[in-house]
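Colleague: Hey, dropping data.pdb in here, PDB, C-alpha atoms:
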MODEL        1
ATOM      1  CA  MET A   1       8.788   6.348  13.073  1.00  0.00           C
ATOM      2  CA  SER A   2       5.031   5.786  13.160  1.00  0.00           C
ATOM      3  CA  ALA A   3       3.628   8.098  15.868  1.00  0.00           C
ATOM      4  CA  ASP A   4       1.576   4.999  16.724  1.00  0.00           C
ATOM      5  CA  LEU A   5      -1.069   5.985  14.155  1.00  0.00           C
ATOM      6  CA  PRO A   6      -3.815   3.443  13.504  1.00  0.00           C
ATOM      7  CA  ARG A   7      -4.487   1.907  10.103  1.00  0.00           C
ATOM      8  CA  ILE A   8      -7.110   3.818   8.112  1.00  0.00           C
ATOM      9  CA  ILE A   9      -9.436   1.709   5.944  1.00  0.00           C
ATOM     10  CA  ASP A  10      -8.762   2.107   2.196  1.00  0.00           C
ATOM     11  CA  ALA A  11      -5.664   4.201   2.905  1.00  0.00           C
ATOM     12  CA  SER A  12      -2.116   2.987   3.235  1.00  0.00           C
ATOM     13  CA  SER A  13       0.498   5.635   4.060  1.00  0.00           C
ATOM     14  CA  PRO A  14       0.130   8.006   7.012  1.00  0.00           C
ATOM     15  CA  CYS A  15       1.580  11.448   6.335  1.00  0.00           C
ATOM     16  CA  LEU A  16       3.619  11.794   9.526  1.00  0.00           C
ATOM     17  CA  ARG A  17       4.609  15.409   8.884  1.00  0.00           C
ATOM     18  CA  SER A  18       0.926  16.366   8.710  1.00  0.00           C
ATOM     19  CA  ILE A  19       0.116  15.419  12.318  1.00  0.00           C
ATOM     20  CA  ARG A  20      -1.231  18.387  14.281  1.00  0.00           C
ATOM     21  CA  THR A  21      -2.455  18.394  17.881  1.00  0.00           C
ATOM     22  CA  ALA A  22      -4.538  20.464  20.256  1.00  0.00           C
ATOM     23  CA  ASN A  23      -4.727  19.810  23.957  1.00  0.00           C
ATOM     24  CA  VAL A  24      -5.973  21.098  27.280  1.00  0.00           C
ATOM     25  CA  GLY A  25      -4.784  19.129  30.283  1.00  0.00           C
ATOM     26  CA  PRO A  26      -4.927  15.387  29.608  1.00  0.00           C
ATOM     27  CA  ASN A  27      -7.326  15.822  26.644  1.00  0.00           C
ATOM     28  CA  VAL A  28      -5.289  15.615  23.435  1.00  0.00           C
ATOM     29  CA  PHE A  29      -6.737  15.657  19.925  1.00  0.00           C
ATOM     30  CA  ARG A  30      -4.748  14.946  16.772  1.00  0.00           C
ATOM     31  CA  VAL A  31      -5.510  15.106  13.053  1.00  0.00           C
ATOM     32  CA  TRP A  32      -3.471  13.832  10.103  1.00  0.00           C
ATOM     33  CA  TRP A  33      -3.587  12.897   6.440  1.00  0.00           C
ATOM     34  CA  THR A  34      -3.313   9.299   5.221  1.00  0.00           C
ATOM     35  CA  ALA A  35      -2.598   8.754   1.526  1.00  0.00           C
ATOM     36  CA  ARG A  36      -4.550   6.251  -0.545  1.00  0.00           C
ATOM     37  CA  PRO A  37      -2.893   4.177  -3.307  1.00  0.00           C
ATOM     38  CA  ASP A  38      -4.189   6.684  -5.915  1.00  0.00           C
ATOM     39  CA  SER A  39      -2.501   9.586  -4.008  1.00  0.00           C
ATOM     40  CA  SER A  40      -5.744  11.083  -2.725  1.00  0.00           C
ATOM     41  CA  VAL A  41      -5.999  11.393   1.068  1.00  0.00           C
ATOM     42  CA  VAL A  42      -8.258  10.791   4.046  1.00  0.00           C
ATOM     43  CA  LEU A  43      -8.304  13.222   6.991  1.00  0.00           C
ATOM     44  CA  SER A  44      -8.642  11.458  10.344  1.00  0.00           C
ATOM     45  CA  ALA A  45      -8.820  12.526  13.982  1.00  0.00           C
ATOM     46  CA  GLN A  46      -8.246  10.851  17.333  1.00  0.00           C
ATOM     47  CA  HIS A  47      -8.794  11.736  20.986  1.00  0.00           C
ATOM     48  CA  SER A  48      -6.758  10.766  24.027  1.00  0.00           C
ATOM     49  CA  THR A  49      -7.934  11.382  27.589  1.00  0.00           C
ATOM     50  CA  ASP A  50      -4.599  10.482  29.184  1.00  0.00           C
ATOM     51  CA  SER A  51      -2.122  12.877  27.537  1.00  0.00           C
ATOM     52  CA  GLY A  52      -1.539  10.565  24.569  1.00  0.00           C
ATOM     53  CA  ALA A  53      -0.719   7.358  26.446  1.00  0.00           C
ATOM     54  CA  THR A  54      -3.709   5.672  24.763  1.00  0.00           C
ATOM     55  CA  TRP A  55      -5.947   6.761  21.889  1.00  0.00           C
ATOM     56  CA  GLN A  56      -9.595   6.197  21.080  1.00  0.00           C
ATOM     57  CA  PRO A  57     -10.415   4.696  17.661  1.00  0.00           C
ATOM     58  CA  PRO A  58      -9.857   7.107  14.751  1.00  0.00           C
ATOM     59  CA  VAL A  59     -12.737   9.126  13.311  1.00  0.00           C
ATOM     60  CA  THR A  60     -12.937  10.216   9.672  1.00  0.00           C
ATOM     61  CA  VAL A  61     -13.110  13.995   9.330  1.00  0.00           C
ATOM     62  CA  ASP A  62     -13.170  14.104   5.510  1.00  0.00           C
ATOM     63  CA  SER A  63     -12.674  11.395   2.879  1.00  0.00           C
ATOM     64  CA  ARG A  64     -13.851  13.305  -0.229  1.00  0.00           C
ATOM     65  CA  ASP A  65     -10.391  14.100  -1.645  1.00  0.00           C
ATOM     66  CA  ARG A  66      -9.846  13.270  -5.320  1.00  0.00           C
ATOM     67  CA  GLY A  67      -6.490  15.027  -5.730  1.00  0.00           C
ATOM     68  CA  ALA A  68      -3.224  13.305  -6.558  1.00  0.00           C
ATOM     69  CA  ARG A  69      -0.878  15.143  -4.182  1.00  0.00           C
ATOM     70  CA  GLY A  70      -0.507  12.363  -1.615  1.00  0.00           C
ATOM     71  CA  CYS A  71       1.313  13.754   1.439  1.00  0.00           C
ATOM     72  CA  ASN A  72       2.536  16.761  -0.555  1.00  0.00           C
ATOM     73  CA  ARG A  73      -0.075  19.173   0.800  1.00  0.00           C
ATOM     74  CA  PRO A  74      -0.501  21.635   3.674  1.00  0.00           C
ATOM     75  CA  SER A  75      -1.096  20.068   7.065  1.00  0.00           C
ATOM     76  CA  PRO A  76      -4.545  20.456   8.615  1.00  0.00           C
ATOM     77  CA  ALA A  77      -5.026  22.755  11.615  1.00  0.00           C
ATOM     78  CA  ILE A  78      -6.957  21.935  14.779  1.00  0.00           C
ATOM     79  CA  ALA A  79      -8.352  23.798  17.794  1.00  0.00           C
ATOM     80  CA  TYR A  80     -10.113  22.531  20.919  1.00  0.00           C
ATOM     81  CA  ASP A  81     -12.557  24.497  23.086  1.00  0.00           C
ATOM     82  CA  PRO A  82     -12.725  22.631  26.424  1.00  0.00           C
ATOM     83  CA  SER A  83     -15.549  24.741  27.851  1.00  0.00           C
ATOM     84  CA  HIS A  84     -17.929  23.408  25.175  1.00  0.00           C
ATOM     85  CA  ARG A  85     -15.969  20.252  24.214  1.00  0.00           C
ATOM     86  CA  TYR A  86     -15.870  21.385  20.570  1.00  0.00           C
ATOM     87  CA  VAL A  87     -13.102  20.318  18.173  1.00  0.00           C
ATOM     88  CA  HIS A  88     -12.508  22.453  15.055  1.00  0.00           C
ATOM     89  CA  VAL A  89     -10.452  21.442  12.000  1.00  0.00           C
ATOM     90  CA  VAL A  90      -9.525  23.422   8.878  1.00  0.00           C
ATOM     91  CA  TYR A  91      -7.694  22.049   5.820  1.00  0.00           C
ATOM     92  CA  PHE A  92      -7.098  22.224   2.059  1.00  0.00           C
ATOM     93  CA  LEU A  93      -8.829  19.466   0.056  1.00  0.00           C
ATOM     94  CA  GLU A  94      -9.561  18.643  -3.593  1.00  0.00           C
ATOM     95  CA  PRO A  95     -13.001  16.964  -3.692  1.00  0.00           C
ATOM     96  CA  ALA A  96     -14.935  16.362  -6.918  1.00  0.00           C
ATOM     97  CA  ASP A  97     -17.072  19.503  -6.426  1.00  0.00           C
ATOM     98  CA  GLY A  98     -14.077  21.870  -6.232  1.00  0.00           C
ATOM     99  CA  ALA A  99     -10.822  22.373  -4.358  1.00  0.00           C
ATOM    100  CA  GLY A 100     -10.435  24.797  -1.501  1.00  0.00           C
ATOM    101  CA  VAL A 101     -10.114  25.324   2.228  1.00  0.00           C
ATOM    102  CA  PHE A 102     -12.759  23.497   4.275  1.00  0.00           C
ATOM    103  CA  PHE A 103     -13.863  23.562   7.905  1.00  0.00           C
ATOM    104  CA  ALA A 104     -15.272  20.665   9.944  1.00  0.00           C
ATOM    105  CA  HIS A 105     -16.122  20.451  13.609  1.00  0.00           C
ATOM    106  CA  SER A 106     -17.191  18.042  16.311  1.00  0.00           C
ATOM    107  CA  MET A 107     -19.624  19.046  19.025  1.00  0.00           C
ATOM    108  CA  ASP A 108     -19.260  15.796  20.990  1.00  0.00           C
ATOM    109  CA  ASN A 109     -15.609  15.852  22.055  1.00  0.00           C
ATOM    110  CA  GLY A 110     -14.315  14.445  18.765  1.00  0.00           C
ATOM    111  CA  GLU A 111     -16.565  11.381  18.532  1.00  0.00           C
ATOM    112  CA  THR A 112     -18.216  12.507  15.261  1.00  0.00           C
ATOM    113  CA  PHE A 113     -17.652  15.384  12.841  1.00  0.00           C
ATOM    114  CA  HIS A 114     -20.325  17.430  11.070  1.00  0.00           C
ATOM    115  CA  ALA A 115     -20.308  17.702   7.277  1.00  0.00           C
ATOM    116  CA  PRO A 116     -17.522  20.009   6.050  1.00  0.00           C
ATOM    117  CA  VAL A 117     -18.283  23.655   5.241  1.00  0.00           C
ATOM    118  CA  PRO A 118     -16.329  25.456   2.484  1.00  0.00           C
ATOM    119  CA  VAL A 119     -14.303  28.423   3.700  1.00  0.00           C
ATOM    120  CA  VAL A 120     -13.005  29.446   0.263  1.00  0.00           C
ATOM    121  CA  TYR A 121     -12.733  27.680  -3.088  1.00  0.00           C
ATOM    122  CA  GLY A 122      -9.489  27.774  -5.065  1.00  0.00           C
ATOM    123  CA  ASN A 123      -7.051  25.321  -6.643  1.00  0.00           C
ATOM    124  CA  ARG A 124      -3.799  26.491  -5.048  1.00  0.00           C
ATOM    125  CA  PRO A 125      -2.921  24.430  -1.922  1.00  0.00           C
ATOM    126  CA  SER A 126      -3.361  26.736   1.063  1.00  0.00           C
ATOM    127  CA  ALA A 127      -2.212  26.561   4.669  1.00  0.00           C
ATOM    128  CA  ALA A 128      -4.831  27.556   7.241  1.00  0.00           C
ATOM    129  CA  SER A 129      -5.333  27.982  10.979  1.00  0.00           C
ATOM    130  CA  VAL A 130      -8.391  27.951  13.262  1.00  0.00           C
ATOM    131  CA  ALA A 131      -9.249  29.256  16.732  1.00  0.00           C
ATOM    132  CA  ALA A 132     -12.478  29.194  18.727  1.00  0.00           C
ATOM    133  CA  ASN A 133     -14.127  30.530  21.842  1.00  0.00           C
ATOM    134  CA  GLY A 134     -17.629  29.213  22.467  1.00  0.00           C
ATOM    135  CA  ASP A 135     -19.786  29.820  19.392  1.00  0.00           C
ATOM    136  CA  SER A 136     -17.188  32.142  17.819  1.00  0.00           C
ATOM    137  CA  VAL A 137     -14.819  30.543  15.313  1.00  0.00           C
ATOM    138  CA  VAL A 138     -12.151  32.313  13.261  1.00  0.00           C
ATOM    139  CA  VAL A 139     -10.254  30.808  10.324  1.00  0.00           C
ATOM    140  CA  VAL A 140      -7.270  32.375   8.572  1.00  0.00           C
ATOM    141  CA  PHE A 141      -5.878  30.985   5.322  1.00  0.00           C
ATOM    142  CA  GLU A 142      -3.530  31.610   2.446  1.00  0.00           C
ATOM    143  CA  ASP A 143      -5.928  32.959  -0.164  1.00  0.00           C
ATOM    144  CA  PRO A 144      -5.862  30.394  -3.013  1.00  0.00           C
ATOM    145  CA  ASN A 145      -7.165  32.995  -5.477  1.00  0.00           C
ATOM    146  CA  ALA A 146      -4.977  36.013  -4.703  1.00  0.00           C
ATOM    147  CA  ARG A 147      -2.301  37.114  -7.187  1.00  0.00           C
ATOM    148  CA  THR A 148       0.130  37.787  -4.346  1.00  0.00           C
ATOM    149  CA  SER A 149       0.431  35.838  -1.094  1.00  0.00           C
ATOM    150  CA  THR A 150      -2.422  37.197   1.012  1.00  0.00           C
ATOM    151  CA  ILE A 151      -3.992  35.950   4.247  1.00  0.00           C
ATOM    152  CA  GLY A 152      -7.793  35.808   4.240  1.00  0.00           C
ATOM    153  CA  ILE A 153      -9.952  35.659   7.349  1.00  0.00           C
ATOM    154  CA  VAL A 154     -13.498  34.445   8.037  1.00  0.00           C
ATOM    155  CA  LEU A 155     -15.514  34.658  11.248  1.00  0.00           C
ATOM    156  CA  SER A 156     -18.486  32.647  12.459  1.00  0.00           C
ATOM    157  CA  HIS A 157     -20.753  33.336  15.423  1.00  0.00           C
ATOM    158  CA  THR A 158     -22.607  30.040  14.849  1.00  0.00           C
ATOM    159  CA  THR A 159     -19.862  27.543  15.738  1.00  0.00           C
ATOM    160  CA  GLY A 160     -18.729  27.405  12.112  1.00  0.00           C
ATOM    161  CA  HIS A 161     -22.029  26.294  10.635  1.00  0.00           C
ATOM    162  CA  ILE A 162     -21.788  29.402   8.452  1.00  0.00           C
ATOM    163  CA  PHE A 163     -19.147  32.119   8.200  1.00  0.00           C
ATOM    164  CA  GLU A 164     -20.847  35.503   8.379  1.00  0.00           C
ATOM    165  CA  GLN A 165     -17.853  37.833   8.004  1.00  0.00           C
ATOM    166  CA  ARG A 166     -14.946  37.776   5.504  1.00  0.00           C
ATOM    167  CA  GLY A 167     -11.950  39.926   4.840  1.00  0.00           C
ATOM    168  CA  GLU A 168      -8.193  40.127   4.441  1.00  0.00           C
ATOM    169  CA  ALA A 169      -5.949  39.918   7.468  1.00  0.00           C
ATOM    170  CA  THR A 170      -2.858  41.322   5.752  1.00  0.00           C
ATOM    171  CA  PRO A 171      -2.227  44.729   4.185  1.00  0.00           C
ATOM    172  CA  ASP A 172      -2.078  44.935   0.379  1.00  0.00           C
ATOM    173  CA  ASP A 173       1.671  45.617   0.363  1.00  0.00           C
ATOM    174  CA  VAL A 174       2.595  42.567   2.491  1.00  0.00           C
ATOM    175  CA  SER A 175       3.312  39.158   0.969  1.00  0.00           C
ATOM    176  CA  ALA A 176       2.294  36.640   3.648  1.00  0.00           C
ATOM    177  CA  ILE A 177       2.247  32.854   4.100  1.00  0.00           C
ATOM    178  CA  ASP A 178       1.766  30.286   6.903  1.00  0.00           C
ATOM    179  CA  PRO A 179      -0.959  32.027   8.944  1.00  0.00           C
ATOM    180  CA  TRP A 180      -1.723  31.300  12.576  1.00  0.00           C
ATOM    181  CA  VAL A 181      -4.633  32.680  14.621  1.00  0.00           C
ATOM    182  CA  ALA A 182      -5.665  32.984  18.271  1.00  0.00           C
ATOM    183  CA  LEU A 183      -9.024  34.051  19.696  1.00  0.00           C
ATOM    184  CA  SER A 184      -9.340  35.276  23.272  1.00  0.00           C
ATOM    185  CA  HIS A 185     -12.835  36.433  24.202  1.00  0.00           C
ATOM    186  CA  ARG A 186     -13.403  39.186  21.600  1.00  0.00           C
ATOM    187  CA  THR A 187      -9.771  39.679  20.518  1.00  0.00           C
ATOM    188  CA  ILE A 188      -8.424  38.042  17.340  1.00  0.00           C
ATOM    189  CA  THR A 189      -4.667  37.897  16.836  1.00  0.00           C
ATOM    190  CA  VAL A 190      -3.171  36.799  13.493  1.00  0.00           C
ATOM    191  CA  TRP A 191       0.470  35.941  12.773  1.00  0.00           C
ATOM    192  CA  TRP A 192       2.128  35.073   9.451  1.00  0.00           C
ATOM    193  CA  LYS A 193       5.496  34.759   7.740  1.00  0.00           C
ATOM    194  CA  GLU A 194       6.560  37.276   5.136  1.00  0.00           C
TER     195      GLU A 194
ENDMDL
END
Could you render the structure from this file as structure tokens?
Modeller:
Amino acid sequence: MSADLPRIIDASSPCLRSIRTANVGPNVFRVWWTARPDSSVVLSAQHSTDSGATWQPPVTVDSRDRGARGCNRPSPAIAYDPSHRYVHVVYFLEPADGAGVFFAHSMDNGETFHAPVPVVYGNRPSAASVAANGDSVVVVFEDPNARTSTIGIVLSHTTGHIFEQRGEATPDDVSAIDPWVALSHRTITVWWKE
């Protein structure tokens, strides 16, 4: 089983369980981790314009990881906004300047990705989800700093260049994991597992 993933330079083992997709019509985007020999990872993305029959060359989303978890980490999350051709990715990474949940986006239909923006710093691996509508982007994540399993939320009105609003999506008495978010016009909906 290979999912027909391309070879990533300086990385050897694709993490097949980490593959996540977003699509609208024949436009399909996918992101995945590939482990390096030292067990750090590279996050890559690809775009298909024919429902996955063929794929454009892979693009590096983030290669700063210095962790030693290999494929044993939360999968990235991806969202696509076809009206603006924006691709948004959120993921947990352990770069040299501090572990945490990071956000990266492409404003040219997945051809290049802007420099990652930290969502929250923390050492505990955290699952996250992202949704977007135009310039509004919402990210939900397992809070890597909370004493109990809590879902945090951040909101950007600048396409994720900065996150202006922060809060908790779950009540204090709820232990929550595996968040998922949707954004429809001005309505944010968050799901999680207890």
Colleague: For a test of reading the model, state the distance in Å between atom CA of A:Val89 and atom CA of A:Ala128, rounded to one decimal.
Modeller: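 Going from atom CA of A:Val89 over to atom CA of A:Ala128, I get 9.6 Å.
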Colleague: Edge lengths and centre in Å to one decimal, as AutoDock Vina command-line options, of the axis-aligned box that encloses all listed atoms of stretch 42-53 of chain A with 8 Å added on every side?
Modeller:
--center_x -4.8 --center_y 10.3 --center_z 16.6 --size_x 24.1 --size_y 21.9 --size_z 41.1
Colleague: Counting all atoms listed in the file, what is within 6 Å of stretch 61-76 of chain A, bar same-chain residues fewer than 6 positions away, as a short mmCIF file (atom, residue, chain, number, x, y, z; two decimals) with C-alpha atoms, in the coordinates of the input?
Modeller:
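Dumped to selection.cif:
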data_model
loop_
_atom_site.label_atom_id
_atom_site.label_comp_id
_atom_site.auth_asym_id
_atom_site.auth_seq_id
_atom_site.Cartn_x
_atom_site.Cartn_y
_atom_site.Cartn_z
CA CYS A 15 1.58 11.45 6.34
CA SER A 18 0.93 16.37 8.71
CA ALA A 35 -2.60 8.75 1.53
CA SER A 39 -2.50 9.59 -4.01
CA SER A 40 -5.74 11.08 -2.72
CA VAL A 41 -6.00 11.39 1.07
CA VAL A 42 -8.26 10.79 4.05
CA LEU A 43 -8.30 13.22 6.99
CA SER A 44 -8.64 11.46 10.34
CA VAL A 90 -9.52 23.42 8.88
CA TYR A 91 -7.69 22.05 5.82
CA LEU A 93 -8.83 19.47 0.06
CA GLU A 94 -9.56 18.64 -3.59
CA PRO A 95 -13.00 16.96 -3.69
CA PHE A 113 -17.65 15.38 12.84
CA ALA A 127 -2.21 26.56 4.67
#
Colleague: Rounded to one decimal, what separation in Å do you get between atom CA of A:Gln46 and atom CA of A:Arg124?
Modeller: 27.7 Å
Colleague: Pick out the residues sitting within 12 Å of stretch 140-154 of chain A, and hand them over as an MDAnalysis selection string; count only C-alpha atoms, and ignore anything fewer than 6 positions along from it in its own chain.
Modeller: chainID A and resid 74 76:77 89:93 99:103 118:132 160 162:183 188:194
Colleague: Give the answer as one residue: which of A:Ala79, A:Ala45, A:Leu155, A:Ala96 has the shortest atom-to-atom distance to A:Thr112, using only C-alpha atoms?
Modeller: A:Ala45
Colleague: Quick check, in Å to one decimal: how far apart do atom CA of A:His161 and atom CA of A:His88 lie?
Modeller: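 Computed distance, atom CA of A:His161 to atom CA of A:His88, equals 11.2 Å.
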Colleague: Using all atoms listed in the file, which of the listed residues (A:Gly134, A:Pro82, A:Pro37, A:Pro58) sits closest to A:Asn23?
Modeller: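 With all atoms listed in the file as the atom set, the closest residue is A:Pro82.
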Colleague: For the PyMOL selection byres ((chain A and resi 6-8) around 10), applied here, can you spell out every residue it catches as a list in words?
Modeller: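 Applied to this file, the PyMOL selection byres ((chain A and resi 6-8) around 10) returns Ser2, Ala3, Asp4, Leu5, Ile9, Asp10, Ala11, Ser12, Ser13, Pro14, Trp33, Thr34, Ala35, Arg36, Val42, Leu43, Ser44, Gln46, Trp55, Gln56, Pro57, Pro58, Val59 and Thr60 of chain A.
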Colleague: A:Thr49: which residues within 7 Å, counting only C-alpha atoms, same-chain residues fewer than 6 positions away excluded, as a ChimeraX atom specification?
Modeller: /A:26-28
Colleague: Find, counting all atoms listed in the file, the residue in A:Ser83, A:His157, A:Val117, A:Ile19 that gets nearest to A:His105.
Modeller: A:Val117
Colleague: Between A:Thr21, A:Asp81, A:His47, A:Pro116, which residue has the minimum interatomic distance to A:Ala104, considering all atoms listed in the file?
Modeller: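 Once distances to A:Ala104 are computed over all atoms listed in the file, the minimum belongs to A:Pro116.
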